[in-house]
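Asker: One file is attached below, upload-v2.cif, containing mmCIF, C-alpha atoms.
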data_input
loop_
_atom_site.label_atom_id
_atom_site.label_comp_id
_atom_site.auth_asym_id
_atom_site.auth_seq_id
_atom_site.Cartn_x
_atom_site.Cartn_y
_atom_site.Cartn_z
CA MET A 1 -28.51 151.73 110.91
CA ILE A 2 -27.77 148.42 109.28
CA PRO A 3 -30.36 146.13 107.71
CA ALA A 4 -30.83 142.61 109.06
CA ALA A 5 -28.71 139.98 107.31
CA THR A 6 -29.98 139.14 103.86
CA ARG A 7 -28.79 137.65 100.61
CA TYR A 8 -28.70 139.52 97.31
CA ALA A 9 -29.41 138.28 93.80
CA ARG A 10 -29.54 140.21 90.59
CA ALA A 11 -32.21 139.06 88.15
CA SER A 12 -31.18 138.90 84.51
CA ASP A 13 -34.71 139.02 83.09
CA LEU A 14 -38.35 138.90 84.12
CA ASP A 15 -38.55 135.08 84.21
CA HIS A 16 -35.39 134.90 86.31
CA ALA A 17 -36.81 137.51 88.71
CA LEU A 18 -40.07 135.56 89.08
CA GLU A 19 -38.11 132.36 89.67
CA LEU A 20 -36.04 134.04 92.42
CA LEU A 21 -39.26 135.34 93.96
CA GLY A 22 -40.28 131.73 94.54
CA GLU A 23 -38.21 131.83 97.72
CA PRO A 24 -40.33 132.62 100.78
CA GLU A 25 -39.57 136.05 102.28
CA ALA A 26 -37.87 137.24 99.12
CA LYS A 27 -38.38 140.89 98.34
CA VAL A 28 -37.95 142.83 95.12
CA ILE A 29 -35.66 145.84 95.03
CA ALA A 30 -35.66 148.36 92.19
CA GLY A 31 -34.38 151.80 93.23
CA GLY A 32 -34.62 150.90 96.91
CA GLN A 33 -35.69 154.37 98.03
CA SER A 34 -38.62 152.95 100.00
CA LEU A 35 -37.33 149.44 100.73
CA ILE A 36 -33.88 150.26 102.09
CA PRO A 37 -35.16 152.75 104.70
CA VAL A 38 -37.62 150.13 106.03
CA MET A 39 -34.88 147.47 105.93
CA LYS A 40 -32.65 149.78 107.98
CA LEU A 41 -35.46 150.15 110.49
CA ARG A 42 -35.79 146.34 110.35
CA VAL A 43 -39.48 146.70 109.60
CA ALA A 44 -38.65 144.68 106.49
CA ARG A 45 -36.33 141.68 106.93
CA PRO A 46 -36.26 139.88 103.60
CA SER A 47 -34.24 136.66 103.40
CA LEU A 48 -33.35 137.48 99.81
CA VAL A 49 -33.27 140.78 97.97
CA VAL A 50 -34.03 140.35 94.27
CA ASP A 51 -32.55 143.24 92.31
CA ILE A 52 -34.68 143.82 89.19
CA SER A 53 -32.91 146.99 88.07
CA GLN A 54 -31.43 145.27 85.02
CA LEU A 55 -34.83 144.22 83.65
CA ASP A 56 -36.04 145.77 80.44
CA LEU A 57 -38.97 147.58 82.09
CA ARG A 58 -37.84 151.17 81.74
CA GLY A 59 -38.92 154.14 79.67
CA VAL A 60 -42.04 155.57 78.06
CA ARG A 61 -43.55 154.55 74.76
CA GLU A 62 -46.71 155.48 72.94
CA GLU A 63 -48.94 152.73 71.56
CA GLY A 64 -52.02 154.11 69.85
CA ASP A 65 -54.08 155.89 72.48
CA VAL A 66 -52.09 154.49 75.42
CA LEU A 67 -48.79 155.51 76.96
CA ARG A 68 -46.84 152.61 78.38
CA LEU A 69 -44.65 153.56 81.29
CA GLY A 70 -42.09 151.01 82.41
CA PRO A 71 -42.26 150.49 86.18
CA LEU A 72 -38.46 150.79 86.49
CA THR A 73 -38.49 154.32 85.08
CA THR A 74 -37.00 156.64 87.67
CA TRP A 75 -38.65 159.88 88.76
CA ALA A 76 -35.83 161.81 87.09
CA GLU A 77 -36.53 159.99 83.82
CA VAL A 78 -40.29 160.57 84.15
CA ALA A 79 -39.70 164.27 84.79
CA ALA A 80 -37.49 164.53 81.71
CA ALA A 81 -39.74 162.52 79.37
CA GLU A 82 -41.11 164.52 76.45
CA ALA A 83 -44.27 162.43 76.44
CA PHE A 84 -45.43 164.12 79.64
CA GLU A 85 -44.99 167.67 78.39
CA ARG A 86 -48.43 167.67 76.71
CA PRO A 87 -51.11 169.50 78.74
CA ALA A 88 -53.25 166.37 79.15
CA LEU A 89 -50.44 164.51 80.95
CA ALA A 90 -48.64 167.44 82.56
CA ALA A 91 -49.71 166.21 86.01
CA ILE A 92 -47.29 163.30 85.67
CA GLN A 93 -44.28 165.54 85.04
CA GLU A 94 -45.36 168.05 87.67
CA CYS A 95 -45.77 165.29 90.23
CA ALA A 96 -42.47 163.54 89.41
CA LEU A 97 -40.50 166.79 89.77
CA GLY A 98 -41.86 167.30 93.28
CA ILE A 99 -41.09 163.84 94.63
CA GLY A 100 -38.44 163.48 97.33
CA ASP A 101 -35.28 165.24 96.28
CA LEU A 102 -32.81 165.05 93.42
CA GLN A 103 -31.01 162.00 94.82
CA VAL A 104 -34.27 160.14 95.47
CA ARG A 105 -35.56 161.01 91.99
CA ASN A 106 -32.37 159.57 90.49
CA ARG A 107 -32.96 156.16 92.10
CA GLY A 108 -36.65 155.88 92.99
CA THR A 109 -38.98 154.28 90.46
CA VAL A 110 -42.67 154.64 89.62
CA GLY A 111 -43.30 150.93 90.09
CA GLY A 112 -41.49 150.85 93.41
CA SER A 113 -43.62 153.67 94.76
CA LEU A 114 -46.83 151.97 93.58
CA VAL A 115 -46.09 148.65 95.26
CA HIS A 116 -44.83 150.31 98.45
CA ALA A 117 -48.27 151.98 98.60
CA ASP A 118 -47.51 154.67 101.12
CA PRO A 119 -50.91 156.33 101.66
CA ALA A 120 -49.27 159.73 101.20
CA SER A 121 -47.29 159.00 98.04
CA ASP A 122 -47.96 161.40 95.20
CA MET A 123 -48.03 159.54 91.90
CA PRO A 124 -50.83 157.08 92.72
CA ALA A 125 -53.24 160.04 92.87
CA VAL A 126 -52.18 161.11 89.38
CA LEU A 127 -52.44 157.57 88.00
CA LEU A 128 -55.90 157.25 89.58
CA ALA A 129 -57.12 160.48 87.99
CA LEU A 130 -55.75 159.33 84.63
CA ARG A 131 -57.39 155.88 85.02
CA ALA A 132 -54.13 153.97 84.62
CA GLN A 133 -54.02 150.17 84.48
CA LEU A 134 -51.23 147.95 85.75
CA ARG A 135 -50.14 144.71 84.12
CA LEU A 136 -49.02 142.19 86.73
CA ARG A 137 -46.88 139.21 85.77
CA ALA A 138 -46.50 135.93 87.63
CA ARG A 139 -44.58 132.85 86.48
CA ASP A 140 -47.45 131.42 84.49
CA ALA A 141 -50.05 134.15 84.54
CA GLU A 142 -50.66 137.73 83.62
CA ARG A 143 -53.47 140.06 84.63
CA ASP A 144 -54.48 143.69 84.29
CA VAL A 145 -55.74 145.63 87.25
CA ALA A 146 -56.83 149.25 87.56
CA VAL A 147 -54.75 151.34 89.97
CA ALA A 148 -58.00 151.98 91.86
CA ASP A 149 -58.35 148.24 92.56
CA PHE A 150 -54.63 147.71 93.12
CA LEU A 151 -54.42 150.03 96.14
CA ARG A 152 -56.02 148.17 99.03
CA GLY A 153 -54.90 150.03 102.15
CA PRO A 154 -51.91 151.66 103.80
CA PHE A 155 -48.84 149.79 102.46
CA LEU A 156 -51.21 147.15 101.13
CA THR A 157 -51.81 146.26 97.49
CA ASP A 158 -53.34 143.57 95.35
CA LEU A 159 -49.88 142.38 94.26
CA GLY A 160 -49.22 138.71 94.98
CA GLU A 161 -45.96 137.66 96.63
CA GLN A 162 -44.79 136.13 93.41
CA GLU A 163 -46.01 138.84 91.07
CA LEU A 164 -44.28 141.84 89.54
CA VAL A 165 -45.64 145.01 87.99
CA ALA A 166 -44.58 144.66 84.36
CA ASP A 167 -46.25 147.69 82.79
CA ILE A 168 -48.23 150.83 83.60
CA ALA A 169 -50.73 151.75 80.88
CA ILE A 170 -51.96 155.33 80.86
CA PRO A 171 -54.83 156.12 78.46
CA ILE A 172 -54.00 159.34 76.59
CA PRO A 173 -56.87 161.74 77.36
CA PRO A 174 -58.76 163.18 74.35
CA GLU A 175 -57.96 166.55 72.75
CA GLY A 176 -59.00 169.43 74.94
CA SER A 177 -57.87 167.72 78.15
CA GLY A 178 -55.56 169.09 80.82
CA SER A 179 -54.19 167.66 84.05
CA ALA A 180 -52.40 168.98 87.11
CA TYR A 181 -51.04 167.85 90.47
CA VAL A 182 -50.86 170.10 93.53
CA SER A 183 -49.80 169.14 97.05
CA VAL A 184 -49.01 170.67 100.40
CA GLU A 185 -46.11 168.76 101.89
CA HIS A 186 -44.98 168.15 105.41
CA PRO A 187 -41.84 170.32 105.52
CA ALA A 188 -39.61 167.65 107.08
CA SER A 189 -40.66 164.42 105.38
CA GLY A 190 -41.77 165.94 102.09
CA PHE A 191 -44.77 163.61 102.05
CA ALA A 192 -48.13 165.10 101.09
CA LEU A 193 -50.35 166.23 103.95
CA ALA A 194 -52.84 166.57 101.13
CA GLY A 195 -52.29 166.17 97.41
CA ALA A 196 -54.72 166.40 94.52
CA ALA A 197 -54.50 165.31 90.92
CA ALA A 198 -57.07 166.67 88.47
CA LEU A 199 -57.97 165.65 84.94
CA VAL A 200 -60.27 168.00 83.02
CA GLY A 201 -61.53 167.30 79.52
CA PRO A 202 -64.48 166.73 77.23
CA ASP A 203 -65.47 163.70 79.33
CA GLY A 204 -65.74 165.76 82.50
CA GLU A 205 -63.61 166.44 85.56
CA THR A 206 -61.90 163.91 87.82
CA VAL A 207 -60.07 164.63 91.07
CA ALA A 208 -58.02 162.09 93.04
CA LEU A 209 -56.63 162.80 96.50
CA THR A 210 -53.62 161.46 98.38
CA GLY A 211 -52.28 161.86 101.91
CA VAL A 212 -55.73 162.19 103.44
CA GLY A 213 -57.10 158.64 103.55
CA ALA A 214 -56.11 155.00 103.92
CA THR A 215 -55.17 155.01 100.23
CA PRO A 216 -55.20 157.61 97.51
CA PHE A 217 -58.74 157.68 96.09
CA VAL A 218 -60.90 159.23 93.38
CA LEU A 219 -63.28 161.82 94.69
CA PRO A 220 -66.95 161.04 93.92
CA ALA A 221 -68.49 163.28 91.24
CA GLY A 222 -70.08 166.53 92.32
CA ALA A 223 -68.98 169.68 94.09
CA VAL A 224 -65.50 169.15 95.56
CA ARG A 225 -66.26 170.35 99.09
CA ASP A 226 -69.41 168.21 99.29
CA ALA A 227 -67.53 165.19 98.01
CA ILE A 228 -64.72 165.71 100.54
CA SER A 229 -67.22 166.12 103.38
CA ARG A 230 -68.66 162.72 102.46
CA SER A 231 -65.20 161.06 102.25
CA GLU A 232 -63.35 159.25 104.99
CA ILE A 233 -60.43 161.52 105.95
CA PHE A 234 -57.92 160.68 108.66
CA GLY A 235 -56.03 162.82 111.14
CA ASP A 236 -52.68 162.18 112.84
CA ARG A 237 -50.08 164.11 114.82
CA PHE A 238 -48.97 165.97 111.69
CA ALA A 239 -52.40 167.29 110.76
CA SER A 240 -55.86 166.88 112.27
CA GLU A 241 -58.77 165.47 110.32
CA GLU A 242 -60.39 168.89 110.17
CA TYR A 243 -57.23 170.52 108.83
CA ARG A 244 -56.72 167.76 106.25
CA ARG A 245 -60.30 168.20 105.00
CA GLU A 246 -59.70 171.90 104.53
CA LEU A 247 -56.31 171.30 102.90
CA ALA A 248 -57.81 168.66 100.59
CA ALA A 249 -60.39 171.18 99.37
CA VAL A 250 -57.67 173.78 98.77
CA VAL A 251 -55.34 171.51 96.79
CA ALA A 252 -58.28 170.04 94.85
CA ALA A 253 -59.44 173.52 93.83
CA ARG A 254 -55.91 174.53 92.82
CA ALA A 255 -55.38 171.35 90.83
CA LEU A 256 -58.73 171.80 89.06
CA ASP A 257 -57.93 175.41 88.19
CA ALA A 258 -54.55 174.47 86.74
CA ALA A 259 -56.01 171.49 84.84
CA ARG A 260 -58.83 173.66 83.38
CA GLN A 261 -56.26 176.20 82.25
CA ARG A 262 -54.21 173.49 80.53
CA ALA A 263 -57.35 172.00 78.97
CA LYS A 264 -58.10 175.42 77.45
CA GLU A 265 -54.55 175.63 76.04
CA ASN A 266 -55.01 172.16 74.57
CA SER A 267 -58.26 172.90 72.67
CA MET B 268 -22.05 135.64 104.76
CA SER B 269 -19.91 137.90 102.64
CA ASP B 270 -19.23 137.91 98.93
CA SER B 271 -16.32 139.25 96.99
CA VAL B 272 -17.41 142.08 94.71
CA SER B 273 -15.74 144.50 92.39
CA LEU B 274 -16.76 148.14 92.38
CA ALA B 275 -15.64 150.79 89.91
CA VAL B 276 -14.76 153.71 92.16
CA ASN B 277 -13.13 156.90 90.95
CA GLY B 278 -11.97 155.22 87.76
CA GLU B 279 -10.43 152.17 89.44
CA GLU B 280 -11.77 148.62 89.84
CA ARG B 281 -11.64 147.85 93.55
CA SER B 282 -12.28 144.42 95.08
CA LEU B 283 -13.75 144.03 98.53
CA GLU B 284 -15.81 141.72 100.69
CA VAL B 285 -19.38 142.81 101.41
CA GLU B 286 -22.48 141.21 102.87
CA GLY B 287 -25.80 141.28 101.06
CA ARG B 288 -26.99 143.92 103.50
CA THR B 289 -23.89 146.13 103.33
CA LEU B 290 -24.80 149.69 102.42
CA LEU B 291 -22.75 151.41 99.76
CA VAL B 292 -21.63 154.12 102.21
CA HIS B 293 -20.17 151.49 104.55
CA ALA B 294 -18.43 149.72 101.67
CA LEU B 295 -16.85 153.00 100.59
CA ARG B 296 -15.82 154.17 104.06
CA ASP B 297 -14.97 150.94 105.88
CA GLY B 298 -14.17 148.68 102.93
CA LEU B 299 -12.22 151.09 100.76
CA GLY B 300 -11.14 153.75 103.26
CA LEU B 301 -12.84 156.54 101.28
CA THR B 302 -13.94 158.54 104.30
CA GLY B 303 -14.71 161.71 102.36
CA THR B 304 -18.21 160.30 101.99
CA HIS B 305 -19.88 161.21 105.28
CA ILE B 306 -22.69 159.66 107.27
CA GLY B 307 -24.91 162.41 108.64
CA CYS B 308 -28.45 161.34 109.46
CA ASP B 309 -28.37 157.70 108.32
CA THR B 310 -32.07 158.08 107.43
CA SER B 311 -31.98 159.30 103.81
CA GLN B 312 -32.63 162.91 104.77
CA CYS B 313 -29.39 164.87 104.89
CA GLY B 314 -27.43 164.03 101.73
CA ALA B 315 -24.01 164.03 103.43
CA CYS B 316 -23.40 160.57 101.95
CA THR B 317 -24.17 161.67 98.37
CA VAL B 318 -21.95 160.11 95.69
CA LEU B 319 -22.29 159.96 91.91
CA LEU B 320 -23.52 156.75 90.33
CA ASP B 321 -22.95 156.93 86.57
CA GLY B 322 -22.78 160.69 87.01
CA ARG B 323 -26.05 161.01 88.95
CA ALA B 324 -26.24 162.02 92.61
CA VAL B 325 -27.46 159.24 94.90
CA LYS B 326 -27.53 158.72 98.66
CA SER B 327 -25.03 155.98 99.40
CA CYS B 328 -26.76 155.22 102.70
CA THR B 329 -29.89 154.29 100.75
CA MET B 330 -28.31 151.80 98.42
CA LEU B 331 -26.80 148.35 98.88
CA ALA B 332 -23.18 147.98 97.86
CA ARG B 333 -24.19 145.07 95.62
CA GLN B 334 -26.57 147.33 93.70
CA ALA B 335 -23.59 149.43 92.64
CA GLU B 336 -21.86 146.56 90.82
CA GLY B 337 -21.44 147.39 87.16
CA HIS B 338 -21.86 151.12 87.73
CA GLU B 339 -19.28 153.92 87.90
CA ILE B 340 -19.06 155.48 91.36
CA THR B 341 -17.48 158.86 91.96
CA THR B 342 -16.76 160.04 95.50
CA ILE B 343 -15.39 163.39 96.58
CA GLU B 344 -11.89 161.84 96.44
CA GLY B 345 -12.37 161.27 92.71
CA LEU B 346 -13.52 164.77 91.87
CA GLY B 347 -10.43 166.87 92.53
CA GLN B 348 -7.04 166.71 94.22
CA ASP B 349 -5.50 168.86 96.96
CA ALA B 350 -3.12 170.35 94.43
CA GLU B 351 -5.82 170.95 91.86
CA LEU B 352 -9.34 171.44 93.14
CA HIS B 353 -12.33 170.77 90.91
CA PRO B 354 -14.00 174.04 89.77
CA ILE B 355 -16.98 173.30 92.03
CA GLN B 356 -14.67 172.82 95.03
CA ARG B 357 -12.85 176.06 94.20
CA ALA B 358 -16.16 177.93 93.94
CA PHE B 359 -17.25 176.64 97.37
CA VAL B 360 -13.95 177.90 98.86
CA GLU B 361 -14.18 181.28 97.13
CA HIS B 362 -17.85 181.94 97.87
CA HIS B 363 -18.07 180.76 101.45
CA GLY B 364 -20.02 177.63 100.55
CA LEU B 365 -18.95 175.89 103.76
CA GLN B 366 -18.13 176.39 107.39
CA CYS B 367 -17.55 173.11 109.21
CA GLY B 368 -17.41 171.18 105.96
CA PHE B 369 -19.23 168.05 107.10
CA CYS B 370 -22.05 168.33 104.55
CA THR B 371 -19.79 169.72 101.81
CA PRO B 372 -18.84 166.55 99.89
CA GLY B 373 -22.55 165.82 99.46
CA PHE B 374 -23.35 169.34 98.30
CA ILE B 375 -20.47 169.29 95.84
CA LEU B 376 -21.49 165.98 94.27
CA THR B 377 -25.13 167.07 94.04
CA THR B 378 -23.86 170.22 92.34
CA ALA B 379 -21.84 168.12 89.89
CA ASP B 380 -25.05 166.30 88.89
CA LEU B 381 -27.04 169.55 88.61
CA LEU B 382 -24.42 171.35 86.50
CA SER B 383 -24.00 168.35 84.20
CA ARG B 384 -27.66 168.73 83.22
CA ASN B 385 -27.98 172.48 83.44
CA GLY B 386 -24.85 174.63 83.21
CA ALA B 387 -26.60 177.87 84.13
CA PRO B 388 -29.27 177.06 86.71
CA SER B 389 -31.46 179.81 88.16
CA ASP B 390 -31.45 180.34 91.92
CA ALA B 391 -34.83 178.56 92.07
CA GLU B 392 -33.42 175.58 90.15
CA ILE B 393 -30.36 175.49 92.43
CA ARG B 394 -32.52 175.50 95.55
CA HIS B 395 -34.79 172.80 94.10
CA ALA B 396 -31.73 170.64 93.40
CA LEU B 397 -30.44 171.14 96.96
CA ARG B 398 -33.63 169.85 98.58
CA GLY B 399 -31.90 166.60 99.56
CA ASN B 400 -28.82 168.19 101.18
CA LEU B 401 -28.87 169.74 104.63
CA CYS B 402 -26.33 172.22 105.98
CA ARG B 403 -26.51 173.33 109.60
CA CYS B 404 -23.95 176.17 109.36
CA THR B 405 -24.13 178.39 106.33
CA GLY B 406 -27.79 179.14 105.82
CA TYR B 407 -27.45 178.11 102.15
CA GLN B 408 -26.87 181.60 100.72
CA GLY B 409 -23.14 180.98 100.31
CA ILE B 410 -23.82 177.55 98.86
CA VAL B 411 -26.23 178.94 96.25
CA GLU B 412 -23.68 181.60 95.32
CA SER B 413 -20.94 178.97 95.06
CA ILE B 414 -23.05 176.88 92.70
CA ARG B 415 -23.95 179.89 90.58
CA ALA B 416 -20.25 180.73 90.32
CA ALA B 417 -19.28 177.13 89.57
CA GLY B 418 -21.86 177.06 86.76
CA ALA B 419 -20.48 180.27 85.29
CA ALA B 420 -16.90 178.97 85.55
CA SER B 421 -17.55 175.64 83.82
#
Mind turning the file's structure into structure tokens?

Answerer:
Amino acid sequence: MIPAATRYARASDLDHALELLGEPEAKVIAGGQSLIPVMKLRVARPSLVVDISQLDLRGVREEGDVLRLGPLTTWAEVAAAEAFERPALAAIQECALGIGDLQVRNRGTVGGSLVHADPASDMPAVLLALRAQLRLRARDAERDVAVADFLRGPFLTDLGEQELVADIAIPIPPEGSGSAYVSVEHPASGFALAGAAALVGPDGETVALTGVGATPFVLPAGAVRDAISRSEIFGDRFASEEYRRELAAVVAARALDAARQRAKENS
Amino acid sequence: MSDSVSLAVNGEERSLEVEGRTLLVHALRDGLGLTGTHIGCDTSQCGACTVLLDGRAVKSCTMLARQAEGHEITTIEGLGQDAELHPIQRAFVEHHGLQCGFCTPGFILTTADLLSRNGAPSDAEIRHALRGNLCRCTGYQGIVESIRAAGAAS
């Protein structure tokens, strides 16, 4: 399979990337692990591919009570980052290690996955549970948006055509917190049939689900099974709605158990 | 519309013409004649096209050739020679890590990445690392044994 004809440009910095994005039908490429497959299927036919891999938007750094994760950080780099070894943020490492395969983790980036917004992608659930915020940059504007507001539907986000994700801010949960991510994957695609991220701490318990709805979403407070029964869950040829509901309850319970255990270790 | 690019492949700077849409695997095979990199599924599943980019395993069917500019690419041709096989290649021969051999270059380059990070991986770590490589002949047992042996040898 060969993508439709396109031009390629490598951006030297953020301003250059935003300038290149001024062209209609231009598309950003970072690791390309989502974009290139859809270009090969000719579902995406950008006139210009703007390579942002050289931008200085990579790595993890701690700033007070916030961890700043560069959107160009690859899954392999996320999985190896010491910052995510603490129990409160263990869900991030756990999730990154389970994404795709070794080759995909070497190229695929956190930001790329977020903007692709596959309804079954794993990390958005974790970032939802951890109440992460995205900083979006345009040529002459900048805004912060919660991941919960950023995800609008299947493959649909709040990102403007001439905007880039410049930063992912993850509030560091208080002492005594633990987090976990558990999923049951489709054996061929590796995508989550149901995935759950849990954050447990002094402020309470949060569960976010992926793979079961139009977007990953935070489960309303209350008993997990009740909350799932009130949520909109979809079925498809891989798993019926009924099966996904059951699976969602199972992964949510497992994620909560693991997060509670880590919270205990952390207090 | 094609552009002239320079790619660093197996320690040599190679010039070739590519289009913006040209995939790295096509540039390597058709542009540079390095046909040891195989195309299996063409849909990012099978790992037969795996090469090393700056020492890390990547699927060359899921990358544009232009994205590889400025990076070091290693294909199976750059790993060992017929006269002197790389220790990973030798281990695959000695431990029945292949039958038809079609998937083998990909497995070997994935192994090179794995062993560069972890010289003594457990069987579970080996199998986790092999998630992105499919073999339709061996049933993986011989491959896992080959990798274990290659780790011990290096």

Asker: Rank A:Leu69, A:Glu265, A:Ala9, A:Pro124 by their smallest atom-to-atom distance to Val218 (chain A), using all atoms listed in the file, and report the top residue only.

Answerer: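 Closest candidate: A:Pro124.
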
Asker: Compare B:Leu382, B:Val411, B:Ile340, B:Met330 by their minimum atom-to-atom distance to Arg281 (chain B), counting only C-alpha atoms, and give me the closest one.

Answerer: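 Closest to Arg281 (chain B), using only C-alpha atoms: B:Ile340.
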
Asker: What residues come out when you apply the PyMOL selection byres ((chain A) within 7 of (chain B)) to this file, written as a VMD selection string?

Answerer: chain A and resid 1 3 to 8 32 to 33 36 to 37 101 to 104 106 to 107

Asker: Mind telling me what the PyMOL selection byres ((chain A and resi 82) around 12) catches here, as a PyMOL selection string?

Answerer: chain A and resi 59-62+67+77-81+83-87+89-90+92-93

Asker: For the provided coordinates, the residues matched by the PyMOL selection byres ((chain A and resi 131) around 12) should be stated as a PDB file with C-alpha atoms, in the coordinates of the input.

Answerer:
ATOM      1  CA  VAL A  66     -52.090 154.490  75.420  1.00  0.00           C
ATOM      2  CA  LEU A  67     -48.790 155.510  76.960  1.00  0.00           C
ATOM      3  CA  LEU A  89     -50.440 164.510  80.950  1.00  0.00           C
ATOM      4  CA  PRO A 124     -50.830 157.080  92.720  1.00  0.00           C
ATOM      5  CA  ALA A 125     -53.240 160.040  92.870  1.00  0.00           C
ATOM      6  CA  VAL A 126     -52.180 161.110  89.380  1.00  0.00           C
ATOM      7  CA  LEU A 127     -52.440 157.570  88.000  1.00  0.00           C
ATOM      8  CA  LEU A 128     -55.900 157.250  89.580  1.00  0.00           C
ATOM      9  CA  ALA A 129     -57.120 160.480  87.990  1.00  0.00           C
ATOM     10  CA  LEU A 130     -55.750 159.330  84.630  1.00  0.00           C
ATOM     11  CA  ALA A 132     -54.130 153.970  84.620  1.00  0.00           C
ATOM     12  CA  GLN A 133     -54.020 150.170  84.480  1.00  0.00           C
ATOM     13  CA  LEU A 134     -51.230 147.950  85.750  1.00  0.00           C
ATOM     14  CA  VAL A 145     -55.740 145.630  87.250  1.00  0.00           C
ATOM     15  CA  ALA A 146     -56.830 149.250  87.560  1.00  0.00           C
ATOM     16  CA  VAL A 147     -54.750 151.340  89.970  1.00  0.00           C
ATOM     17  CA  ALA A 148     -58.000 151.980  91.860  1.00  0.00           C
ATOM     18  CA  ASP A 149     -58.350 148.240  92.560  1.00  0.00           C
ATOM     19  CA  PHE A 150     -54.630 147.710  93.120  1.00  0.00           C
ATOM     20  CA  ILE A 168     -48.230 150.830  83.600  1.00  0.00           C
ATOM     21  CA  ALA A 169     -50.730 151.750  80.880  1.00  0.00           C
ATOM     22  CA  ILE A 170     -51.960 155.330  80.860  1.00  0.00           C
ATOM     23  CA  PRO A 171     -54.830 156.120  78.460  1.00  0.00           C
ATOM     24  CA  ILE A 172     -54.000 159.340  76.590  1.00  0.00           C
ATOM     25  CA  PRO A 173     -56.870 161.740  77.360  1.00  0.00           C
ATOM     26  CA  ALA A 197     -54.500 165.310  90.920  1.00  0.00           C
ATOM     27  CA  ALA A 198     -57.070 166.670  88.470  1.00  0.00           C
ATOM     28  CA  LEU A 199     -57.970 165.650  84.940  1.00  0.00           C
ATOM     29  CA  THR A 206     -61.900 163.910  87.820  1.00  0.00           C
ATOM     30  CA  VAL A 207     -60.070 164.630  91.070  1.00  0.00           C
ATOM     31  CA  ALA A 208     -58.020 162.090  93.040  1.00  0.00           C
ATOM     32  CA  PHE A 217     -58.740 157.680  96.090  1.00  0.00           C
ATOM     33  CA  VAL A 218     -60.900 159.230  93.380  1.00  0.00           C
TER      34      VAL A 218
END

Asker: In Å to one decimal, how far is CA of Glu175 (chain A) from CA of Asn266 (chain A)?

Answerer: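 Interatomic distance, CA of Asn266 (chain A) to CA of Glu175 (chain A): 6.6 Å.
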
Asker: Give as a short mmCIF file (atom, residue, chain, number, x, y, z; two decimals) with C-alpha atoms, in the coordinates of the input the set of residues within 12 Å of the point (-27.4, 174.4, 105.0), where distances use the file's coordinates and all atoms listed in the file.

Answerer:
data_model
loop_
_atom_site.label_atom_id
_atom_site.label_comp_id
_atom_site.auth_asym_id
_atom_site.auth_seq_id
_atom_site.Cartn_x
_atom_site.Cartn_y
_atom_site.Cartn_z
CA CYS B 313 -29.39 164.87 104.89
CA GLY B 314 -27.43 164.03 101.73
CA ALA B 315 -24.01 164.03 103.43
CA HIS B 363 -18.07 180.76 101.45
CA GLY B 364 -20.02 177.63 100.55
CA LEU B 365 -18.95 175.89 103.76
CA GLN B 366 -18.13 176.39 107.39
CA CYS B 367 -17.55 173.11 109.21
CA GLY B 368 -17.41 171.18 105.96
CA PHE B 369 -19.23 168.05 107.10
CA CYS B 370 -22.05 168.33 104.55
CA THR B 371 -19.79 169.72 101.81
CA GLY B 373 -22.55 165.82 99.46
CA PHE B 374 -23.35 169.34 98.30
CA ARG B 394 -32.52 175.50 95.55
CA LEU B 397 -30.44 171.14 96.96
CA ARG B 398 -33.63 169.85 98.58
CA GLY B 399 -31.90 166.60 99.56
CA ASN B 400 -28.82 168.19 101.18
CA LEU B 401 -28.87 169.74 104.63
CA CYS B 402 -26.33 172.22 105.98
CA ARG B 403 -26.51 173.33 109.60
CA CYS B 404 -23.95 176.17 109.36
CA THR B 405 -24.13 178.39 106.33
CA GLY B 406 -27.79 179.14 105.82
CA TYR B 407 -27.45 178.11 102.15
CA GLN B 408 -26.87 181.60 100.72
CA GLY B 409 -23.14 180.98 100.31
CA ILE B 410 -23.82 177.55 98.86
CA VAL B 411 -26.23 178.94 96.25
#

Asker: What is the distance, in Å and to one decimal place, between CA of Val28 (chain A) and CA of Ser271 (chain B)?

Answerer: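 Those two atoms sit 22.0 Å apart.
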
Asker: Just give me the gap between CA of Arg42 (chain A) and CA of Val110 (chain A) in Å, one decimal is fine.

Answerer: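 Interatomic distance here is 23.4 Å.
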
Asker: Please list as a list of chain:residue names every residue within 8 Å of Ala117 (chain A), counting only C-alpha atoms and excluding residues in the same chain fewer than 5 positions away.

Answerer: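 Here the answer would be A:Leu151, A:Gly153, A:Pro154, A:Phe155, A:Leu156, A:Thr157, A:Thr215.
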
Asker: Please, which residues are within 12 Å of (-66.3, 169.5, 92.1) by the file's coordinates, counting only C-alpha atoms, and could they come as a PyMOL selection string?

Answerer: chain A and resi 198-200+204-208+218-229+249-250+252-257
